[in-house]
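> Pasting a structure here, questions to come.
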Amino acid sequence: MLVDKKFVPRHKAGFVLCHWLNGISFLMLFITALPLYDPNYFGFLYNALGTSTLQNAHKFFAVIFIVTPIIGLFIARDGYSMLIGQVLKFNKDDMTFLVKFPGELLGQDPKMPKQGFYNGGEKMNIALQMALWCVLVCSGLVLWLGSGIIDNSVRAWMIPVHSIAAGIGFAAALGHIYLAVGVNPDSLQGMKNGTIKADYAMHHHGAWVDELVAEGKVTKKELEEAVH
Amino acid sequence: MAKEMAMLHDVARCSACRACMVACKQWHNLPADFSTPFEGQYQSHADLTSKTYNLIKMNERTDKDGKFHWDFIKIQCMHCQDPACMKGCPEGAISRLDSGAVVIDEEKCVGCGYCTTNCPFNVPRVDPDRNKSTKCDLCFDRIENGMIPSCAKTCTAQAIDFGTIEEMTALANKRIEEVKKDFPNANLYGIGPATEGVGGTHMMYVLPEKPSVYGLPENPKTPASIDLWKDVVRPIGKIAGVGAAAGIAGLFVLSKMMGKKNH
Ligand code: HEM
Ligand code: SF4
Ligand code: SF4
Ligand code: SF4
């Protein structure tokens with residue numbers, strides 16, 4: 001069944017909540033640590049808000065960042081299984097998508113293979129962010145709580161490791177936000193009320209819509225009416 | 001005084017009277033430190049703290065012949081020649097003075113704790129109340145006024161000596177010969193190969209036993225991770241940051257232009 005005859009249900013409320021908890025804690029973690037990345041440009045944050053405030057905030061958001069996927073196991077199990085399942089099912093169509101995507105990004109309209117629930121690019125972003133989550137959490141915890149437990153010859157390495165992971169993660173996040181807000185604003189609705197426009201779904205996630213039709217979750221007729 | 005100085009702790013002479021701990025607190029106006037609850041142990045504090053820059057560690061040990069030993073050692077900042085704390089401080093708050101003393105400028109310190117993380121001896125402690133890093137400063141202010149550090153001044157057993165690095169090296173070499181008569185494993189720490197990885201230290205020891213017996217690292221090194229962080233990660237991060245912003249702006253404009261052409 002489409003929602004309001006126009007929208008395909010995509011994400012459940014629990015998953016939408018986890019997405020924003022993750023996104024906001026990630027950005028706040030980045031911002032609260034910026035003065036350590038570069039005291040010359042971002043030192044003003046320490047001057048304005050105080051060093052302890054930012055360092056305590058970094059730890060506060062770290063806790064949120066760590067518990068979000070754990071909460072997700074309870075309130076968004078479907079959504080998280082979908083994330084993992086999709087990443088493991090990276091296939092030839094995903095490759096084709098990646099090759100043709102730059103053309104689409106530059107405003108052309110190349111013939112794309114039908115995409116599943118997540119497209120090749122999204123799958124790469126998900127896999128990357130999962131790996132970075134592990135690296136950031138491990139290195140961050142060792143920096144935070146490791147003094148006297150883990151030898152400093154190991155702990156010292158966590159500083160560049162944590163920095164590199166934070167930098168790569170932020171770059172990927174910028175791309176992710178740009179694609180969502182700037183390129184495909186229709187996709188953003190999925191992370192607001194959990195639905196996306198039927199014609200957007202058919203155009204960008206055709207294989208997934210076919211599955212929905214096959215499973216009887218939406219009908220062809222509904223979709224046709226929604227698009228016209 | 002621009003001479004390079006050094007301190008020598010002759011562990012064989014130390015009676016663990018802890019007068020140096022008191023003297024250090026007096027000179028630095030540090031309050032009593034009740035962070036370690038008293039449970040019958042001899043050692044006063046479990047570890048260095050932001051109120052205790054100098055600690056006499058006491059360790060009971062039974063050797064392989066079943067003989068009982070008390071191991072005492074004075075621990076504090078080692079005043080490395082190539083200080084990891086200084087190299088890795090994002091704020092440039094730590095400097096090494098001509099005397100060899102490695103000191104923290106509290107005005108610049110932001111309490112991030114990277115100096116603790118990077119220090120091969122795990123010495124600096126961030127004071128949780130002021131969020132400033134603290135440690136032994138070799139009483140650099142006394143040295144500059146021609147005095148010797150408070151702890152060295154107070155030691156009556158002549159276990160702590162202080163002087164130019166040449167004087168202390170000579171003294172250490174003399175002392176080790178004496179100590180070796182009773183302790184065949186005796187070694188020098190802070191001079192020679194043991195601490196080469198940190199460029200040598202201005203805190204030196206005559207140790208009757210191996211460094212690890214006293215909890216000292218056998219092979220302390222100024223970690224290479226600091227160079228990676230300083231020379232690679234941060235500069236690239238800066239370029240990438242600017243690049244990413246420019247890239248996205250450029251892409252946005254380009255996609256608008258190309259998009260128009262196609263429609
Ligand atoms: C995506 C999430 C995270 C980002 C973007 C991030 C970013 C950063 C950055 C950029 C620094 C400064 C490093 C440098 O300049 O070399 C830093 C420091 C630090 N991070 Fe994170 N971090 C994240 C997650 C975590 C987590 C999960 C923890 C702990 C569990 C953590 C704990 C720390 C600690 C203790 C420091 C040391 C300095 C401080 O207290 O601010 N971080 N972080
Ligand atoms: S012992 Fe640690 S705190 Fe002292 S100078 Fe060396 S690196 Fe710095
Ligand atoms: S705690 Fe202070 S002295 Fe230590 S590295 Fe951070 S800013 Fe530098
Ligand atoms: S040199 Fe000064 S600061 Fe260092 S332990 Fe001795 S008295 Fe304390």
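In the structure tokens, each chain is lettered A, B, ... as it comes, each chain's residues begin at 1, and ligands are numbered from 1 in order of appearance.
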Do me a favour and pick out the residues of chain A within 8 Å of chain B, using only C-alpha atoms, as number ranges by chain.
A: 36-39, 51-52, 55, 105-108, 143, 147-148, 152-153, 155-157, 159-160, 163-164, 167, 171, 174-175, 178, 182
> How would you report the residues lying within 9 Å of ligand 4, as JSON, numbers by chain, if you count only C-alpha atoms and all ligand atoms?
{"B": [7, 20, 21, 22, 23, 24, 25, 26, 27, 28, 52, 53, 54, 55, 74, 75, 76, 77, 101, 135, 136, 137, 138, 139, 140, 142, 148, 149, 150, 151, 152, 153]}
> For a quick check of understanding, using only C-alpha atoms and all ligand atoms, which of A:Thr68, A:Asn47, A:Ser139, A:Asn119 has the smallest distance to ligand 1?
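Result for the nearest residue to ligand 1: A:Ser139.
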> Go ahead and compute the interatomic distance for CA of Val218 in chain A and CA of Tyr118 in chain A, in Å to one decimal.
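These atoms are spaced 18.4 Å apart.
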> Could you give me the residues within range 148-262 of chain B that DSSP places in strand (DSSP E or B), as an NGL selection string?
:B and (160-164 or 187-189 or 201 or 203-207)
> Quick one: pick out all alpha helix (DSSP H) residues within range 12-165 of chain B from a backbone DSSP run and write them as number ranges by chain.
B: 19-28, 84-87, 114-118, 140-144, 150-154, 165
> Take CA of Tyr214 in chain B and CA of Asp33 in chain B and report the distance between them in Å, one decimal.
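Value for the CA of Tyr214 in chain B-CA of Asp33 in chain B distance: 22.7 Å.
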> Would you please work out which residue, of A:Leu141, A:Gly43, A:Lys221, A:Gly103, is nearest to ligand 3 when using only C-alpha atoms and all ligand atoms?
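Smallest distance to ligand 3 is found for A:Gly43.
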> Within 8 Å of range 76-79 of chain A, counting only C-alpha atoms, which residues qualify if same-chain residues fewer than 6 places away don't, as a PyMOL selection string?
chain A and resi 11-12+14-15+18
> Give me the residues within 10 Å of Ala180 in chain A as a VMD selection string, counting only C-alpha atoms and dropping any in the same chain fewer than 6 places off.
chain A and resid 174 186 to 189 191
> Would you mind reading off the distance between CA of Ala62 in chain A and CA of Cys138 in chain A, one decimal, in Å?
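CA of Cys138 in chain A lies at a distance of 11.1 Å from CA of Ala62 in chain A.
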> Env of range 185-202 of chain B: 6 Å cut, atoms = only C-alpha atoms, seq-sep filter 2 positions within chain, self excluded. Answer as a list in words.
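So the residues in contact are Ala6, Met78, His79, Cys80, Gln81, Asp82, Lys180, Phe183, Met204, Tyr205, Val206, Leu207, Pro208, Glu209, Pro220, Lys221 and Thr222 of chain B.
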> From the set B:Met147, B:Leu30, B:Leu97, B:Cys85, which residue has the shortest atom-to-atom contact distance to ligand 2, counting only C-alpha atoms and all ligand atoms?
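Closest to ligand 2, using only C-alpha atoms and all ligand atoms: B:Cys85.
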> Tell me, as a list in words, which residues lie within 12 Å of Met130 in chain A, counting only C-alpha atoms; anything in the same chain fewer than 5 positions away does not count.
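These residues fall inside the cut-off: Asn22, Phe65, Ile66, Pro69, Tyr80, Leu83, Ile84, Val87, Lys123, Met124, Asn125, Val135, Leu136, Val137, Ala165, Gly169 and Ala172 of chain A.
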> How would the residues just picked look written out with N, CA, C and O atoms as a PDB file, in the first residue's frame?

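Writing the result to out13.pdb gives the following:
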```pdb
ATOM      1  N   ASN A  22      22.863   9.076  14.902  1.00  0.00           N
ATOM      2  CA  ASN A  22      24.197   8.806  14.387  1.00  0.00           C
ATOM      3  C   ASN A  22      24.781  10.031  13.689  1.00  0.00           C
ATOM      4  O   ASN A  22      25.918  10.423  13.951  1.00  0.00           O
ATOM      5  N   PHE A  65      27.123   8.111  20.104  1.00  0.00           N
ATOM      6  CA  PHE A  65      27.620   7.482  18.875  1.00  0.00           C
ATOM      7  C   PHE A  65      27.774   5.974  19.059  1.00  0.00           C
ATOM      8  O   PHE A  65      27.477   5.178  18.166  1.00  0.00           O
ATOM      9  N   ILE A  66      28.236   5.582  20.236  1.00  0.00           N
ATOM     10  CA  ILE A  66      28.462   4.161  20.506  1.00  0.00           C
ATOM     11  C   ILE A  66      27.136   3.423  20.748  1.00  0.00           C
ATOM     12  O   ILE A  66      26.945   2.306  20.260  1.00  0.00           O
ATOM     13  N   PRO A  69      23.843   2.238  17.500  1.00  0.00           N
ATOM     14  CA  PRO A  69      23.563   0.946  16.862  1.00  0.00           C
ATOM     15  C   PRO A  69      23.051  -0.113  17.844  1.00  0.00           C
ATOM     16  O   PRO A  69      22.338  -1.039  17.439  1.00  0.00           O
ATOM     17  N   TYR A  80      18.590  -2.115  10.339  1.00  0.00           N
ATOM     18  CA  TYR A  80      20.003  -2.465  10.439  1.00  0.00           C
ATOM     19  C   TYR A  80      20.313  -3.760   9.690  1.00  0.00           C
ATOM     20  O   TYR A  80      21.374  -3.874   9.073  1.00  0.00           O
ATOM     21  N   LEU A  83      20.708  -2.836   6.164  1.00  0.00           N
ATOM     22  CA  LEU A  83      22.008  -2.216   5.900  1.00  0.00           C
ATOM     23  C   LEU A  83      23.070  -3.276   5.653  1.00  0.00           C
ATOM     24  O   LEU A  83      23.798  -3.237   4.663  1.00  0.00           O
ATOM     25  N   ILE A  84      23.150  -4.211   6.581  1.00  0.00           N
ATOM     26  CA  ILE A  84      24.207  -5.221   6.513  1.00  0.00           C
ATOM     27  C   ILE A  84      23.973  -6.153   5.327  1.00  0.00           C
ATOM     28  O   ILE A  84      24.886  -6.413   4.535  1.00  0.00           O
ATOM     29  N   VAL A  87      24.915  -4.493   2.023  1.00  0.00           N
ATOM     30  CA  VAL A  87      26.346  -4.341   1.803  1.00  0.00           C
ATOM     31  C   VAL A  87      26.948  -5.661   1.348  1.00  0.00           C
ATOM     32  O   VAL A  87      27.803  -5.713   0.464  1.00  0.00           O
ATOM     33  N   LYS A 123      25.866   1.682  -0.872  1.00  0.00           N
ATOM     34  CA  LYS A 123      26.464   0.495  -0.248  1.00  0.00           C
ATOM     35  C   LYS A 123      27.908   0.767   0.155  1.00  0.00           C
ATOM     36  O   LYS A 123      28.351   0.365   1.220  1.00  0.00           O
ATOM     37  N   MET A 124      28.630   1.456  -0.741  1.00  0.00           N
ATOM     38  CA  MET A 124      30.030   1.761  -0.404  1.00  0.00           C
ATOM     39  C   MET A 124      30.092   2.676   0.815  1.00  0.00           C
ATOM     40  O   MET A 124      30.931   2.501   1.702  1.00  0.00           O
ATOM     41  N   ASN A 125      29.227   3.667   0.834  1.00  0.00           N
ATOM     42  CA  ASN A 125      29.221   4.598   1.960  1.00  0.00           C
ATOM     43  C   ASN A 125      28.887   3.872   3.264  1.00  0.00           C
ATOM     44  O   ASN A 125      29.517   4.107   4.297  1.00  0.00           O
ATOM     45  N   VAL A 135      36.759   1.718  13.962  1.00  0.00           N
ATOM     46  CA  VAL A 135      38.069   2.321  14.189  1.00  0.00           C
ATOM     47  C   VAL A 135      37.953   3.502  15.158  1.00  0.00           C
ATOM     48  O   VAL A 135      38.738   3.638  16.103  1.00  0.00           O
ATOM     49  N   LEU A 136      36.961   4.364  14.929  1.00  0.00           N
ATOM     50  CA  LEU A 136      36.806   5.543  15.785  1.00  0.00           C
ATOM     51  C   LEU A 136      36.476   5.150  17.219  1.00  0.00           C
ATOM     52  O   LEU A 136      37.014   5.733  18.170  1.00  0.00           O
ATOM     53  N   VAL A 137      35.601   4.187  17.370  1.00  0.00           N
ATOM     54  CA  VAL A 137      35.205   3.790  18.716  1.00  0.00           C
ATOM     55  C   VAL A 137      36.385   3.137  19.444  1.00  0.00           C
ATOM     56  O   VAL A 137      36.696   3.498  20.576  1.00  0.00           O
ATOM     57  N   ALA A 165      40.765   8.493  10.646  1.00  0.00           N
ATOM     58  CA  ALA A 165      39.411   7.954  10.511  1.00  0.00           C
ATOM     59  C   ALA A 165      38.381   9.079  10.563  1.00  0.00           C
ATOM     60  O   ALA A 165      37.413   9.090   9.790  1.00  0.00           O
ATOM     61  N   GLY A 169      35.973   9.952   7.464  1.00  0.00           N
ATOM     62  CA  GLY A 169      34.538   9.882   7.766  1.00  0.00           C
ATOM     63  C   GLY A 169      33.840  11.193   7.461  1.00  0.00           C
ATOM     64  O   GLY A 169      32.735  11.220   6.916  1.00  0.00           O
ATOM     65  N   ALA A 172      33.465  11.658   3.683  1.00  0.00           N
ATOM     66  CA  ALA A 172      32.366  10.825   3.182  1.00  0.00           C
ATOM     67  C   ALA A 172      31.018  11.421   3.582  1.00  0.00           C
ATOM     68  O   ALA A 172      30.066  11.412   2.799  1.00  0.00           O
TER      69      ALA A 172
END
```
> Name all residues at most 10 Å from Cys155 in chain B (count only C-alpha atoms; drop same-chain ones fewer than 5 positions away) and give them as a list in words.
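Surrounding residues, per the criterion: Cys14, Ser15, Cys17, Arg18, Ala19, Cys20, Ala23, Ser150, Ile160 and Asp161 of chain B.
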